[in-house]
Amino acid sequence: MKKRYFAFIVFLTIINFNTSFSQLPNQNMRLLRNLNEHYTATLYSAVWGYAAPDGREYAILGCPTGTSFVDVTDTTNIHEADFLTGVTSAWREMKTYSHYAYIVSEGTNSRLQIVDLQYLPDSVHLVKVWNYTGYTNTHSISQAGHYLYLNGGNSAANGGVTAVDVIDPENPVKMGQWTTLYVHDCRVINDTIYAANINNGKVSIINATNKASLTSITSFTNLTGSGPHNTALTTDRKRLFVTDEIGTAPYRLKVWNIEDLSAITFVSYWQPTGITTSIVHNIETYGNYAVIAHYTAGVRVLNISNPDAPSEVAWYDTYPSNNGESYNGCWGVYMLPSGKIVASDRQTGLYVLKTNFTMTGVSGNSVNTVPENYSVSQNYPNPFNPSTVISYQIPKAEFVSLKVYNELGKEVSSLVSKNQNAGRYEVTFDGAALSSGIYYYSIQAGNFSETKKMIMVK
């Protein structure tokens with residue numbers, strides 16, 4: 001009798017574990033740090049990233065009463081660098097351009113915060129809070145080049161989208177608007193807006209070549225019962241991914257063929273491994289990979305080298321208590337040039353994660369983060385023993401040469417010598433066979449060249 005009772009207790013324990021936690025253990029992802037310093041009854045919201053010219057990396061987290069700027073450069077010392085207060089809001093979102101962050105929310109009279117990031121890692125500086133006649137709040141914000149796109153709220157009539165020129169980053173200029181339908185969020189690539197019309201179940205494609213006059217190209221219904229939240233594209237712009245936040249279950253990631261805008265066709269859908277109840281929220285694409293915030297299912301990483309059949313390769317459950325149909329859990333995701341993934345969980349704040357494998361086909365292929373200028377970052381770590389990572393970016397296709405020299409000017413390693421597409425890259429220099437001392441790495445890409453010093457200490 002006791003043996004049967006013990007077996008029954010074990011059986012109940014297993015059942016409880018399977019219903020309370022992720023359907024499988026976290027897969028191919030590890031946690032570097034979780035920060036939960038600003039929790040209130042109003043929950044966390046969006047997250048974005050900023051890679052500074054000096055190579056340092058930051059997560060920008062939407063908090064109930066403001067925005068947190070977290071230095072994630074050193075995995076052993078991930079910490080909040082500064083906090084900027086704002087109007088209390090359940091929705092706070094941000095984008096970056098140059099060394100500025102632009103922050104919006106649906107809080108009363110929140111408007112557009114313009115934040116100078118050049119003083120990091122010490123602090124950030126609020127430049128001003130900007131608005132135009134009739135504009136006081138926004139649901140979301142998008143960015144492409146030196147243009148911002150304010151979505152929802154009262155940024156435009158009917159909750160549409162407004163283009164804003166920030167070529168002068170501290171003095172925005174309001175441009176044109178599109179007001180046909182409410183825009184919950186949008187993606188802007190090559191002067192084309194892919195807008196999620198969540199309340200109408202549609203996706204609208206808008207011509208933004210003339211920023212003073214945004215005009216409709218076409219729209220399509222994201223299948224019956226859908227409520228599109230955001231969109232992302234493949235590198236070749238032949239496939240459009242659309243997330244469903246409202247509507248009727250199941251809430252699936254949809255894949256659409258948009259090669260012919262006059263005949264857009266549904267291709268396939270995706271849900272997390274073994275989960276049919278969690279709600280999909282945000283998707284960001286980086287070359288061959290997509291990173292997804294999937295509410296109660298946490299962070300999901302897909303290989304989209306075959307976009308018609310996405311393959312889940314990693315996940316980390318930020319909300320392990322259940323996989324229910326609710327708006328709890330992971331809200332947003334962003335991948336930094338180093339490969340660190342930052343994610344926001346509504347209840348538990350910021351997660352800094354890393355996959356246990358190298359994401360091939362990422363650098364130079366992200367349709368969302370094409371650099372605007374040339375740069376090479378200071379190697380990290382520095383000093384190092386025996387290896388270090390060098391990151392650089394190029395805004396257009398170039399032949400790239402990256403070499404390492406010793407103090408006498410003798411070449412000791414050729415790290416890169418090939419044609420590369422526009423993008424952000426990182427390469428590891430292994431000095432195990434060399435002695436301690438000062439070394440120099442020099443990059444040449446088109447007419448751009450720069451040399452930096454690094455120190456190896458064994």
# chains A, B, ... in the order shown; residues from 1 in each chain; ligands from 1
>>> residues_around(residues="range 251-267 of chain A", least_positions_apart="5", cutoff="8 Å", atoms="only C-alpha atoms", output="VMD selection string")
chain A and resid 218 220 222 226 237 to 246 276 to 280 307 to 308
>>> select_by_dssp(residues="range 231-389 of chain A", states="strand (DSSP E)", output="PyMOL selection string")
chain A and resi 231-233+239-247+253-257+265-270+282-286+289-293+299-303+311-316+330-335+341-345+349-355+375-376+387-389
>>> residues_around(residues="range 166-171 of chain A", least_positions_apart="2", cutoff="7 Å", atoms="only C-alpha atoms", output="mmCIF file with C-alpha atoms, in the first residue's frame")
data_model
loop_
_atom_site.group_PDB
_atom_site.id
_atom_site.type_symbol
_atom_site.label_atom_id
_atom_site.label_comp_id
_atom_site.auth_asym_id
_atom_site.auth_seq_id
_atom_site.Cartn_x
_atom_site.Cartn_y
_atom_site.Cartn_z
ATOM 1 C CA ILE A 114 14.404 62.544 -26.986
ATOM 2 C CA HIS A 146 16.706 59.206 -40.184
ATOM 3 C CA TYR A 147 12.934 58.785 -40.048
ATOM 4 C CA VAL A 164 8.946 62.254 -38.518
ATOM 5 C CA VAL A 173 10.134 67.632 -38.187
#
>>> atom_distance(atom1="CA of Gly55 in chain A", atom2="CA of Val376 in chain A")
7.9 Å
>>> residues_around(residues="range 95-105 of chain A", least_positions_apart="4", cutoff="7 Å", atoms="only C-alpha atoms", output="PDB file with C-alpha atoms, in the first residue's frame")
ATOM      1  CA  TRP A  48      15.354  47.605 -27.532  1.00  0.00           C
ATOM      2  CA  TYR A  50      21.854  50.231 -28.526  1.00  0.00           C
ATOM      3  CA  SER A  89       2.198  53.753 -18.592  1.00  0.00           C
ATOM      4  CA  TRP A  91       3.012  50.575 -22.768  1.00  0.00           C
ATOM      5  CA  SER A 110       3.659  61.441 -22.651  1.00  0.00           C
ATOM      6  CA  ARG A 111       4.545  62.730 -26.158  1.00  0.00           C
ATOM      7  CA  LEU A 112       8.036  61.897 -27.608  1.00  0.00           C
ATOM      8  CA  GLN A 113      11.060  61.832 -25.286  1.00  0.00           C
ATOM      9  CA  ILE A 114      14.404  62.544 -26.986  1.00  0.00           C
ATOM     10  CA  VAL A 115      17.348  61.107 -25.036  1.00  0.00           C
ATOM     11  CA  ASP A 116      21.062  61.648 -25.725  1.00  0.00           C
ATOM     12  CA  LEU A 117      23.044  58.444 -25.165  1.00  0.00           C
ATOM     13  CA  GLN A 118      26.543  59.795 -25.812  1.00  0.00           C
ATOM     14  CA  ASN A 137       0.597  59.836 -26.906  1.00  0.00           C
ATOM     15  CA  THR A 138       1.647  56.927 -29.113  1.00  0.00           C
ATOM     16  CA  HIS A 139       1.220  53.169 -28.965  1.00  0.00           C
ATOM     17  CA  SER A 140       4.474  52.228 -30.732  1.00  0.00           C
ATOM     18  CA  ILE A 141       7.393  53.688 -32.650  1.00  0.00           C
ATOM     19  CA  SER A 142       9.335  52.439 -35.675  1.00  0.00           C
ATOM     20  CA  GLN A 143      12.551  53.699 -37.287  1.00  0.00           C
ATOM     21  CA  HIS A 146      16.706  59.206 -40.184  1.00  0.00           C
TER      22      HIS A 146
END
>>> atom_distance(atom1="CA of Ala343 in chain A", atom2="CA of Asn28 in chain A")
15.8 Å
>>> residues_around(residues="Ala445 in chain A", least_positions_apart="6", cutoff="7 Å", atoms="only C-alpha atoms", output="PyMOL selection string")
chain A and resi 398-401
>>> write_last_selection(atoms="C-alpha atoms", output="PDB file, in the first residue's frame")
ATOM      1  CA  GLU A 398      32.738  46.206 -49.732  1.00  0.00           C
ATOM      2  CA  PHE A 399      35.937  44.186 -49.899  1.00  0.00           C
ATOM      3  CA  VAL A 400      37.006  44.023 -46.253  1.00  0.00           C
ATOM      4  CA  SER A 401      40.506  43.421 -44.949  1.00  0.00           C
TER       5      SER A 401
END
>>> atom_distance(atom1="CA of Thr235 in chain A", atom2="CA of Met359 in chain A")
15.2 Å
>>> residues_around(residues="Thr428 in chain A", least_positions_apart="6", cutoff="10 Å", atoms="only C-alpha atoms", output="JSON, numbers by chain")
{"A": [379, 380, 387, 388, 389, 390, 391, 415]}
